[in-house]
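start_38.tsv (TSV, C-alpha atoms (C1' of nucleotides))
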```tsv
chain	number	residue	atom	x	y	z
A	1	MET	CA	8.20	-33.67	-57.61
A	2	ASP	CA	7.33	-31.03	-60.14
A	3	HIS	CA	4.07	-29.37	-60.91
A	4	VAL	CA	2.93	-32.19	-63.17
A	5	ASP	CA	3.56	-34.73	-60.39
A	6	GLU	CA	1.29	-32.72	-58.14
A	7	ILE	CA	-1.47	-32.94	-60.71
A	8	LEU	CA	-1.03	-36.69	-61.01
A	9	ARG	CA	-1.04	-37.05	-57.25
A	10	GLN	CA	-4.38	-35.26	-57.09
A	11	TRP	CA	-5.88	-37.46	-59.76
A	12	ASN	CA	-4.65	-40.54	-57.94
A	13	ARG	CA	-6.42	-39.44	-54.81
A	14	GLU	CA	-9.66	-38.48	-56.52
A	15	ARG	CA	-9.79	-41.02	-59.32
A	16	PRO	CA	-7.56	-43.97	-58.42
A	17	ASP	CA	-9.17	-45.92	-61.25
A	18	LEU	CA	-7.35	-43.83	-63.86
A	19	ASP	CA	-3.94	-44.72	-65.25
A	20	VAL	CA	-2.35	-41.29	-65.42
A	21	GLY	CA	1.09	-42.32	-66.62
A	22	PRO	CA	0.52	-41.01	-70.14
A	23	MET	CA	-0.83	-37.78	-68.69
A	24	GLY	CA	2.51	-37.10	-67.04
A	25	LEU	CA	4.44	-37.52	-70.27
A	26	ILE	CA	2.03	-35.46	-72.34
A	27	GLY	CA	1.67	-32.83	-69.64
A	28	ARG	CA	5.42	-32.28	-69.50
A	29	LEU	CA	5.63	-32.03	-73.25
A	30	GLY	CA	2.91	-29.38	-73.23
A	31	ARG	CA	4.49	-27.33	-70.49
A	32	ILE	CA	7.92	-27.44	-72.08
A	33	VAL	CA	6.56	-26.24	-75.40
A	34	HIS	CA	4.56	-23.55	-73.64
A	35	TYR	CA	7.67	-22.14	-71.96
A	36	LEU	CA	9.79	-22.42	-75.08
A	37	THR	CA	7.17	-20.67	-77.19
A	38	ARG	CA	6.95	-17.83	-74.73
A	39	GLU	CA	10.69	-17.26	-74.81
A	40	MET	CA	11.00	-17.52	-78.57
A	41	ASP	CA	8.14	-15.07	-79.02
A	42	LYS	CA	10.23	-12.46	-77.21
A	43	THR	CA	12.92	-12.77	-79.85
A	44	PHE	CA	10.37	-12.47	-82.63
A	45	ALA	CA	8.85	-9.41	-81.01
A	46	ALA	CA	12.26	-7.72	-81.03
A	47	PHE	CA	12.04	-7.79	-84.82
A	48	GLY	CA	8.39	-6.75	-84.97
A	49	LEU	CA	7.33	-10.33	-85.69
A	50	THR	CA	5.16	-13.00	-84.11
A	51	GLY	CA	5.71	-16.73	-84.24
A	52	ALA	CA	3.12	-16.81	-87.01
A	53	SER	CA	4.75	-14.18	-89.21
A	54	PHE	CA	8.23	-15.54	-88.55
A	55	ASP	CA	7.13	-18.93	-89.86
A	56	VAL	CA	5.98	-17.52	-93.17
A	57	LEU	CA	9.10	-15.44	-93.71
A	58	ALA	CA	11.36	-18.31	-92.67
A	59	THR	CA	9.67	-20.72	-95.05
A	60	LEU	CA	10.17	-18.31	-97.94
A	61	ARG	CA	13.78	-17.67	-96.92
A	62	ARG	CA	14.60	-21.37	-96.61
A	63	ALA	CA	13.25	-22.00	-100.08
A	64	GLY	CA	16.18	-20.01	-101.48
A	65	ALA	CA	16.29	-17.27	-104.13
A	66	PRO	CA	14.05	-15.80	-105.44
A	67	TYR	CA	12.27	-16.42	-102.13
A	68	SER	CA	8.92	-17.01	-103.78
A	69	LEU	CA	6.28	-19.66	-103.09
A	70	SER	CA	2.58	-20.02	-103.70
A	71	PRO	CA	0.18	-20.20	-100.74
A	72	GLY	CA	-0.28	-23.84	-101.60
A	73	ASP	CA	3.46	-24.47	-101.32
A	74	LEU	CA	3.53	-22.70	-97.98
A	75	LEU	CA	0.57	-24.71	-96.72
A	76	ALA	CA	2.28	-27.96	-97.59
A	77	THR	CA	5.03	-27.30	-95.07
A	78	MET	CA	3.17	-25.38	-92.36
A	79	MET	CA	0.70	-27.08	-90.06
A	80	ILE	CA	-2.07	-24.50	-90.49
A	81	THR	CA	-5.27	-24.08	-92.47
A	82	SER	CA	-5.67	-22.05	-95.62
A	83	GLY	CA	-7.69	-19.35	-93.87
A	84	THR	CA	-4.95	-18.87	-91.31
A	85	LEU	CA	-2.36	-18.54	-94.05
A	86	THR	CA	-4.39	-15.95	-95.91
A	87	ASN	CA	-4.57	-13.94	-92.73
A	88	ARG	CA	-0.82	-14.22	-92.12
A	89	ILE	CA	0.00	-13.13	-95.64
A	90	ASP	CA	-2.39	-10.18	-95.33
A	91	GLN	CA	-0.55	-8.96	-92.24
A	92	LEU	CA	2.88	-9.41	-93.76
A	93	GLU	CA	1.84	-7.69	-96.97
A	94	LYS	CA	0.50	-4.76	-94.98
A	95	ALA	CA	3.84	-4.58	-93.15
A	96	GLY	CA	5.72	-4.57	-96.45
A	97	LEU	CA	7.62	-7.79	-95.74
A	98	VAL	CA	6.11	-9.89	-98.52
A	99	ALA	CA	4.38	-9.08	-101.81
A	100	ARG	CA	1.65	-10.89	-103.69
A	101	ALA	CA	1.93	-11.27	-107.45
A	102	SER	CA	-0.36	-13.09	-109.82
A	103	ASN	CA	0.91	-16.31	-111.29
A	104	PRO	CA	1.04	-16.00	-115.07
A	105	GLU	CA	0.83	-19.76	-115.45
A	106	ASP	CA	-2.26	-20.29	-113.29
A	107	GLY	CA	-4.95	-17.70	-112.76
A	108	ARG	CA	-6.16	-19.40	-109.57
A	109	SER	CA	-2.77	-19.08	-107.95
A	110	VAL	CA	-0.64	-16.24	-106.65
A	111	ILE	CA	3.03	-15.97	-105.82
A	112	ILE	CA	4.21	-14.72	-102.45
A	113	SER	CA	7.71	-13.22	-102.36
A	114	LEU	CA	9.94	-11.70	-99.73
A	115	THR	CA	10.51	-8.00	-100.26
A	116	GLU	CA	13.98	-6.58	-99.69
A	117	THR	CA	12.87	-5.49	-96.24
A	118	GLY	CA	11.38	-8.91	-95.63
A	119	LEU	CA	14.63	-10.64	-96.57
A	120	ALA	CA	16.70	-8.40	-94.33
A	121	THR	CA	14.24	-8.86	-91.48
A	122	ILE	CA	14.13	-12.65	-91.61
A	123	ASP	CA	17.90	-12.97	-91.97
A	124	ALA	CA	18.44	-10.90	-88.85
A	125	ALA	CA	15.58	-12.54	-86.96
A	126	VAL	CA	16.61	-16.11	-87.66
A	127	THR	CA	20.14	-15.41	-86.48
A	128	ALA	CA	18.79	-14.18	-83.16
A	129	HIS	CA	16.22	-16.98	-83.04
A	130	VAL	CA	18.87	-19.67	-83.35
A	131	GLU	CA	20.77	-18.08	-80.49
A	132	THR	CA	17.64	-18.09	-78.35
A	133	GLN	CA	17.01	-21.73	-79.13
A	134	LYS	CA	20.60	-22.57	-78.28
A	135	ARG	CA	20.20	-20.89	-74.91
A	136	LEU	CA	16.93	-22.69	-74.22
A	137	VAL	CA	18.25	-26.18	-74.88
A	138	SER	CA	21.47	-25.49	-73.00
A	139	VAL	CA	19.78	-26.52	-69.76
A	140	LEU	CA	20.43	-30.08	-70.88
A	141	PRO	CA	23.93	-31.53	-71.38
A	142	ALA	CA	24.75	-32.17	-75.03
A	143	GLU	CA	24.57	-35.95	-74.67
A	144	GLU	CA	21.14	-35.94	-73.10
A	145	ARG	CA	20.00	-33.50	-75.71
A	146	ASP	CA	21.05	-35.84	-78.50
A	147	LEU	CA	19.37	-38.77	-76.84
A	148	LEU	CA	16.20	-36.76	-76.34
A	149	ASP	CA	16.22	-35.79	-80.00
A	150	VAL	CA	16.47	-39.43	-81.02
A	151	GLN	CA	13.49	-40.34	-78.87
A	152	LEU	CA	11.42	-37.43	-80.03
A	153	ARG	CA	12.12	-38.38	-83.59
A	154	ALA	CA	10.71	-41.86	-82.96
A	155	PHE	CA	7.70	-40.44	-81.16
A	156	LEU	CA	6.97	-37.93	-83.90
A	157	ALA	CA	7.30	-40.58	-86.57
A	158	GLY	CA	4.83	-42.77	-84.72
A	159	ILE	CA	2.29	-40.03	-84.23
A	160	ALA	CA	2.58	-38.43	-87.65
A	161	ALA	CA	2.07	-41.80	-89.30
A	162	ARG	CA	-1.40	-42.01	-87.74
A	163	SER	CA	-2.54	-38.51	-88.59
B	1	MET	CA	14.57	-38.02	-92.63
B	2	ASP	CA	11.40	-36.49	-91.35
B	3	HIS	CA	9.82	-33.16	-92.09
B	4	VAL	CA	11.96	-31.37	-89.53
B	5	ASP	CA	15.12	-32.76	-91.11
B	6	GLU	CA	14.04	-31.29	-94.42
B	7	ILE	CA	13.72	-27.87	-92.80
B	8	LEU	CA	17.18	-28.16	-91.27
B	9	ARG	CA	18.61	-29.25	-94.63
B	10	GLN	CA	17.19	-26.13	-96.25
B	11	TRP	CA	18.64	-23.90	-93.59
B	12	ASN	CA	22.00	-25.58	-93.98
B	13	ARG	CA	21.99	-24.82	-97.66
B	14	GLU	CA	20.84	-21.23	-97.32
B	15	ARG	CA	22.49	-20.23	-94.07
B	16	PRO	CA	25.38	-22.59	-93.35
B	17	ASP	CA	26.56	-20.20	-90.65
B	18	LEU	CA	23.68	-21.18	-88.38
B	19	ASP	CA	23.85	-24.03	-85.86
B	20	VAL	CA	20.42	-25.55	-86.29
B	21	GLY	CA	20.80	-28.46	-83.89
B	22	PRO	CA	18.57	-26.89	-81.24
B	23	MET	CA	16.00	-26.08	-83.93
B	24	GLY	CA	15.57	-29.77	-84.66
B	25	LEU	CA	14.89	-30.63	-81.04
B	26	ILE	CA	12.51	-27.74	-80.46
B	27	GLY	CA	10.81	-28.24	-83.80
B	28	ARG	CA	10.04	-31.87	-83.02
B	29	LEU	CA	8.70	-30.97	-79.62
B	30	GLY	CA	6.39	-28.42	-81.19
B	31	ARG	CA	5.11	-30.76	-83.84
B	32	ILE	CA	4.49	-33.56	-81.39
B	33	VAL	CA	2.50	-31.29	-79.11
B	34	HIS	CA	0.58	-29.96	-82.08
B	35	TYR	CA	-0.52	-33.43	-83.14
B	36	LEU	CA	-1.31	-34.53	-79.60
B	37	THR	CA	-3.39	-31.42	-78.97
B	38	ARG	CA	-5.39	-32.00	-82.11
B	39	GLU	CA	-6.23	-35.55	-81.12
B	40	MET	CA	-7.09	-34.71	-77.53
B	41	ASP	CA	-9.34	-31.88	-78.67
B	42	LYS	CA	-11.48	-34.43	-80.48
B	43	THR	CA	-12.14	-36.23	-77.22
B	44	PHE	CA	-13.01	-32.97	-75.51
B	45	ALA	CA	-15.38	-32.04	-78.32
B	46	ALA	CA	-17.25	-35.32	-77.83
B	47	PHE	CA	-18.26	-33.96	-74.41
B	48	GLY	CA	-19.01	-30.45	-75.62
B	49	LEU	CA	-15.72	-29.19	-74.23
B	50	THR	CA	-12.55	-27.54	-75.50
B	51	GLY	CA	-9.07	-27.99	-74.12
B	52	ALA	CA	-9.58	-24.69	-72.32
B	53	SER	CA	-12.83	-25.62	-70.62
B	54	PHE	CA	-11.61	-29.12	-69.82
B	55	ASP	CA	-8.66	-27.65	-67.93
B	56	VAL	CA	-10.87	-25.59	-65.66
B	57	LEU	CA	-13.25	-28.43	-64.90
B	58	ALA	CA	-10.38	-30.86	-64.35
B	59	THR	CA	-8.63	-28.51	-61.95
B	60	LEU	CA	-11.80	-28.16	-59.89
B	61	ARG	CA	-12.39	-31.91	-59.98
B	62	ARG	CA	-8.84	-32.75	-58.91
B	63	ALA	CA	-9.13	-30.42	-55.94
B	64	GLY	CA	-11.68	-32.83	-54.42
B	65	ALA	CA	-15.05	-32.15	-52.79
B	66	PRO	CA	-16.64	-29.67	-52.66
B	67	TYR	CA	-14.98	-28.96	-56.04
B	68	SER	CA	-14.60	-25.24	-55.31
B	69	LEU	CA	-11.68	-22.90	-55.93
B	70	SER	CA	-11.19	-19.16	-56.34
B	71	PRO	CA	-10.01	-17.77	-59.68
B	72	GLY	CA	-6.74	-17.03	-57.92
B	73	ASP	CA	-6.36	-20.67	-56.93
B	74	LEU	CA	-7.11	-21.75	-60.48
B	75	LEU	CA	-4.60	-19.28	-61.89
B	76	ALA	CA	-1.87	-20.62	-59.65
B	77	THR	CA	-2.01	-24.01	-61.34
B	78	MET	CA	-2.93	-23.05	-64.90
B	79	MET	CA	-0.47	-21.36	-67.21
B	80	ILE	CA	-2.83	-18.63	-68.38
B	81	THR	CA	-3.53	-14.98	-67.65
B	82	SER	CA	-6.35	-13.69	-65.49
B	83	GLY	CA	-8.28	-12.31	-68.46
B	84	THR	CA	-8.22	-15.69	-70.14
B	85	LEU	CA	-9.50	-17.36	-67.00
B	86	THR	CA	-12.37	-14.89	-66.65
B	87	ASN	CA	-13.36	-15.69	-70.19
B	88	ARG	CA	-13.20	-19.44	-69.57
B	89	ILE	CA	-15.32	-19.19	-66.45
B	90	ASP	CA	-17.87	-17.04	-68.28
B	91	GLN	CA	-18.29	-19.72	-70.92
B	92	LEU	CA	-18.57	-22.55	-68.41
B	93	GLU	CA	-21.04	-20.61	-66.29
B	94	LYS	CA	-23.17	-19.97	-69.36
B	95	ALA	CA	-23.08	-23.70	-70.12
B	96	GLY	CA	-24.17	-24.51	-66.57
B	97	LEU	CA	-21.04	-26.50	-65.73
B	98	VAL	CA	-19.71	-24.20	-63.00
B	99	ALA	CA	-21.28	-21.60	-60.74
B	100	ARG	CA	-19.85	-18.39	-59.29
B	101	ALA	CA	-20.60	-17.54	-55.65
B	102	SER	CA	-19.36	-14.61	-53.62
B	103	ASN	CA	-16.78	-15.38	-50.97
B	104	PRO	CA	-18.15	-14.37	-47.54
B	105	GLU	CA	-14.61	-14.07	-46.18
B	106	ASP	CA	-13.23	-11.75	-48.87
B	107	GLY	CA	-15.36	-9.35	-50.87
B	108	ARG	CA	-12.75	-9.12	-53.62
B	109	SER	CA	-12.86	-12.82	-54.25
B	110	VAL	CA	-15.38	-15.26	-55.66
B	111	ILE	CA	-15.71	-19.02	-55.45
B	112	ILE	CA	-16.06	-21.17	-58.55
B	113	SER	CA	-17.73	-24.55	-58.06
B	114	LEU	CA	-18.60	-27.48	-60.26
B	115	THR	CA	-22.33	-27.93	-60.71
B	116	GLU	CA	-23.80	-31.42	-60.66
B	117	THR	CA	-23.76	-31.40	-64.43
B	118	GLY	CA	-20.21	-30.12	-64.41
B	119	LEU	CA	-19.07	-32.92	-62.12
B	120	ALA	CA	-20.74	-35.58	-64.22
B	121	THR	CA	-19.29	-34.07	-67.39
B	122	ILE	CA	-15.71	-33.89	-66.19
B	123	ASP	CA	-15.79	-37.37	-64.69
B	124	ALA	CA	-16.93	-38.83	-67.98
B	125	ALA	CA	-14.60	-36.64	-70.04
B	126	VAL	CA	-11.46	-37.38	-68.05
B	127	THR	CA	-12.07	-41.10	-68.31
B	128	ALA	CA	-12.18	-40.82	-72.09
B	129	HIS	CA	-9.29	-38.36	-72.10
B	130	VAL	CA	-7.00	-40.76	-70.28
B	131	GLU	CA	-7.85	-43.45	-72.80
B	132	THR	CA	-6.99	-41.09	-75.65
B	133	GLN	CA	-3.68	-40.23	-74.06
B	134	LYS	CA	-2.90	-43.89	-73.54
B	135	ARG	CA	-3.52	-44.52	-77.21
B	136	LEU	CA	-1.35	-41.58	-78.25
B	137	VAL	CA	1.69	-42.61	-76.24
B	138	SER	CA	1.33	-46.23	-77.22
B	139	VAL	CA	3.35	-45.57	-80.36
B	140	LEU	CA	6.40	-45.83	-78.10
B	141	PRO	CA	7.37	-49.00	-76.22
B	142	ALA	CA	6.88	-48.69	-72.46
B	143	GLU	CA	10.59	-48.58	-71.73
B	144	GLU	CA	11.30	-45.77	-74.14
B	145	ARG	CA	8.30	-43.94	-72.82
B	146	ASP	CA	9.63	-44.08	-69.28
B	147	LEU	CA	13.06	-42.94	-70.40
B	148	LEU	CA	11.53	-40.09	-72.35
B	149	ASP	CA	9.55	-39.02	-69.31
B	150	VAL	CA	12.72	-38.91	-67.23
B	151	GLN	CA	14.43	-36.70	-69.76
B	152	LEU	CA	11.47	-34.40	-70.18
B	153	ARG	CA	11.31	-34.01	-66.44
B	154	ALA	CA	14.92	-32.82	-66.39
B	155	PHE	CA	14.31	-30.48	-69.32
B	156	LEU	CA	11.18	-29.01	-67.77
B	157	ALA	CA	12.91	-28.49	-64.46
B	158	GLY	CA	15.74	-26.65	-66.18
B	159	ILE	CA	13.46	-24.41	-68.19
B	160	ALA	CA	10.92	-23.70	-65.46
B	161	ALA	CA	13.73	-22.68	-63.10
B	162	ARG	CA	14.61	-19.82	-65.44
B	163	SER	CA	11.11	-18.58	-66.05
C	1	DT	C1'	-16.44	-27.33	-127.34
C	2	DG	C1'	-18.64	-26.99	-123.30
C	3	DG	C1'	-20.06	-28.66	-118.93
C	4	DA	C1'	-18.67	-31.35	-114.66
C	5	DG	C1'	-15.49	-31.92	-111.39
C	6	DA	C1'	-11.07	-30.70	-109.38
C	7	DT	C1'	-8.00	-27.19	-107.63
C	8	DA	C1'	-6.22	-22.77	-105.36
C	9	DT	C1'	-7.23	-19.18	-102.58
C	10	DC	C1'	-10.07	-16.23	-99.86
C	11	DT	C1'	-14.10	-15.04	-96.70
C	12	DT	C1'	-16.87	-15.48	-92.68
C	13	DG	C1'	-17.96	-16.22	-87.95
C	14	DA	C1'	-16.83	-18.01	-83.56
C	15	DC	C1'	-13.26	-18.87	-80.13
C	16	DG	C1'	-9.11	-18.64	-77.19
C	17	DT	C1'	-5.29	-15.88	-75.77
C	18	DC	C1'	-2.66	-12.12	-74.07
C	19	DA	C1'	-1.16	-7.43	-72.25
C	20	DA	C1'	-2.49	-3.54	-70.05
C	21	DG	C1'	-5.34	-1.25	-67.34
C	22	DA	C1'	-9.84	-0.57	-64.55
C	23	DT	C1'	-12.51	-1.70	-60.54
C	24	DT	C1'	-13.46	-3.06	-56.02
C	25	DA	C1'	-12.17	-4.62	-51.47
C	26	DA	C1'	-8.82	-5.62	-47.82
C	27	DT	C1'	-4.77	-4.39	-45.14
C	28	DC	C1'	-1.29	-1.69	-43.07
C	29	DC	C1'	0.47	1.75	-40.34
C	30	DA	C1'	1.24	6.78	-39.32
D	1	DT	C1'	-9.03	6.07	-38.01
D	2	DG	C1'	-8.29	7.11	-42.55
D	3	DG	C1'	-5.31	7.48	-46.61
D	4	DA	C1'	-1.92	4.77	-49.23
D	5	DT	C1'	-0.75	0.41	-50.71
D	6	DT	C1'	-1.65	-4.21	-51.94
D	7	DA	C1'	-4.53	-7.84	-53.73
D	8	DA	C1'	-8.28	-10.25	-56.54
D	9	DT	C1'	-10.92	-10.14	-60.39
D	10	DC	C1'	-12.78	-8.31	-64.57
D	11	DT	C1'	-12.73	-5.41	-68.95
D	12	DT	C1'	-10.97	-3.96	-73.31
D	13	DG	C1'	-8.84	-4.31	-77.70
D	14	DA	C1'	-5.95	-6.65	-80.85
D	15	DC	C1'	-4.44	-11.06	-82.70
D	16	DG	C1'	-4.11	-15.89	-84.26
D	17	DT	C1'	-6.63	-20.00	-85.27
D	18	DC	C1'	-9.93	-23.07	-87.18
D	19	DA	C1'	-14.00	-25.10	-89.81
D	20	DA	C1'	-16.97	-24.51	-93.35
D	21	DG	C1'	-18.14	-22.62	-97.30
D	22	DA	C1'	-17.65	-19.13	-101.32
D	23	DT	C1'	-15.28	-17.70	-105.47
D	24	DA	C1'	-12.52	-18.05	-109.42
D	25	DT	C1'	-9.92	-20.82	-112.53
D	26	DC	C1'	-8.31	-24.92	-114.70
D	27	DT	C1'	-8.64	-29.67	-116.67
D	28	DC	C1'	-10.65	-33.46	-118.65
D	29	DC	C1'	-13.31	-35.85	-121.67
D	30	DA	C1'	-17.90	-36.90	-123.84
```

Whole structure, structure tokens version:
Amino acid sequence: MDHVDEILRQWNRERPDLDVGPMGLIGRLGRIVHYLTREMDKTFAAFGLTGASFDVLATLRRAGAPYSLSPGDLLATMMITSGTLTNRIDQLEKAGLVARASNPEDGRSVIISLTETGLATIDAAVTAHVETQKRLVSVLPAEERDLLDVQLRAFLAGIAARS
Amino acid sequence: MDHVDEILRQWNRERPDLDVGPMGLIGRLGRIVHYLTREMDKTFAAFGLTGASFDVLATLRRAGAPYSLSPGDLLATMMITSGTLTNRIDQLEKAGLVARASNPEDGRSVIISLTETGLATIDAAVTAHVETQKRLVSVLPAEERDLLDVQLRAFLAGIAARS
DNA sequence: TGGAGATATCTTGACGTCAAGATTAATCCA
DNA sequence: TGGATTAATCTTGACGTCAAGATATCTCCA
């Protein structure tokens, strides 16, 4: 009987006509992600980052040397809009973690690169981040965790296919 | 091989020292919630609501007649800060969906109530919302859905206990 | 070759959120 | 009883996000 059950119980009393089964599943997903995000944000903050800025740096870092991508490349892998990305890059540029350069091959495009400071920051931050994530999922035994991952994969595939 | 797998593959190449297992699980959770939120927001928008305003109205509705709670009561069941709640109530009051009244028993406190319009709005919106949720979870067979719910319940319990 | 349409990025304006602190009222007990 | 403490709500300021549209550049083909 967790907090979500209490919500469902109230709906059952007030609106017995509603089938609130899906609400329980989706509600738990939302709460879990809410808690996880909060905890991970603490790790990011320790490196002067937010979840938003971490994502940009991590995407550049994962791409491999020379750690350069266009905004369009970044957009293709991040679930955000172009205006949001522009804003993120502005902040990171101001902080000296990335640099914008014009693309000699396409005047419409620019190239975003990690600076030396940016590279050092993301390498340290991701190490700590992975440790935080390890701690957060450790509340489940390894076997259950693997099973959960399998199910989430199926769920994500089903949802993403319709979006 | 979904999008999350591609991210893990990149990390493996660039930083083989990292154990990215937990990142896969947490990443899928985040993406699923992101997609679900997007879809549910469309339903809310059809009733002139946002996820934020829906939550307040729904909490008042679930409480039963006379659909009145204090901001403190609302805060206890919603994972937001007091400043955020004040802002939400301001918007809803402006829209005529809730009303603020002073609490005769405690001068520090106020009572938030659904208006007639607010009650009609949330009753219609929650009916549509439940349908949307049903559609969203229908990508999984009922059995897998139930199993997933059981596992999420365990995960949530573990995380919430540490927060 | 030059104009129409496509493409890449940025700008604008409106929200939602949080952390930290301010304000006002109630309570406790010396 | 009255000053200190606690409690409930609101205010402020800084961000992050999105949708819609603006700007600049490229590409294609008549």

>> Can you pull out the residues contacting range 7-21 of chain C? Cut-off 7 Å, using all atoms listed in the file, and skip same-chain residues under 3 positions away; I want them as JSON, numbers by chain.
In response: {"A": [86, 108, 109], "B": [84]}

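Proximity to chain C at a cut-off of 10 Å picks out Thr50, Gly51, Ala52, Ile80, Thr81, Ser82, Gly83, Thr84, Leu85, Asn87, Arg88, Asp106, Gly107, Arg108 and Ser109 of chain B on chain B, counting all atoms listed in the file.
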
Using all atoms of range 11-28 of chain D listed in the file and a margin of 8 Å per side, can you give the axis-aligned box centre and edge lengths in Å to one decimal, as lines of an AutoDock Vina configuration file?
```
center_x = -11.1
center_y = -18.7
center_z = -93.8
size_x = 30.0
size_y = 45.5
size_z = 65.7
```

>> Using only C-alpha atoms (C1' of nucleotides) for the distances, tell me which of D:DT9, D:DG21, D:DC29, D:DA14 is nearest to Ser102 in chain B.
In response: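 Under the stated criterion, the closest residue is D:DT9.
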
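Among the candidates B:Ile111, B:Leu97, B:Leu8, B:Leu92, the residue lying nearest to chain D is B:Ile111 (atoms considered: only C-alpha atoms (C1' of nucleotides)).
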
> Hey, which of D:DT23, D:DT1, D:DT11, D:DT6 ends up closest to chain B? Count all atoms listed in the file.
Replying inline: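 Among D:DT23, D:DT1, D:DT11, D:DT6, it is D:DT11 that comes nearest to chain B.
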
> Between A:Gln10, A:Ser70, A:Gln91, A:Thr59, which one has atoms that come closest to DG16 in chain D, using only C-alpha atoms (C1' of nucleotides)?
Replying inline: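 Residue with the minimum atom-to-atom distance to DG16 in chain D: A:Gln91.
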
> Hey, what's within 8 Å of Leu25 in chain B if we count only C-alpha atoms (C1' of nucleotides) and toss same-chain stuff fewer than 5 positions away? As a ChimeraX atom specification, please?
Replying inline: /A:145,148-149,152

Convert the current residue selection to file output with C-alpha atoms, as a compact mmCIF listing (two decimals), in the frame of the given file.
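Here's the written file again38.txt:
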```txt
# COMPACT_ATOMS: atom_id res chain seq x y z
CA ARG A 145 20.00 -33.50 -75.71
CA LEU A 148 16.20 -36.76 -76.34
CA ASP A 149 16.22 -35.79 -80.00
CA LEU A 152 11.42 -37.43 -80.03
```

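Selecting chain D residues within 12 Å of chain B and counting all atoms listed in the file yields D:DA7, D:DA8, D:DT9, D:DC10, D:DT11, D:DT12, D:DC18.
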
> What is the distance, in Å and to one decimal place, between CA of Ala65 in chain B and CA of Lys42 in chain B?
Replying inline: 28.0 Å

>> With distances taken over only C-alpha atoms, which residue among A:Ala161, A:Leu74, A:Val139, A:Val126 lies nearest chain B?
In response: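 Under the stated criterion, the closest residue is A:Val139.
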
>> Show me, as an MDAnalysis selection string, the residues of chain A whose atoms get within 7 Å of chain B, using all atoms listed in the file for the distance check.
In response: chainID A and resid 10:11 14 20 22:23 25 28:30 32:33 62:64 130 133:134 137 139:140 148:149 151:153 155:156 158:159

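Atom to atom, CA of Phe47 in chain A and CA of Asp90 in chain A stand 18.0 Å apart.
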
>> Between CA of Ala99 in chain A and CA of Pro16 in chain B, what distance in Å does the model show, to one decimal?
In response: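 That distance, rounded to one decimal, is 26.4 Å.
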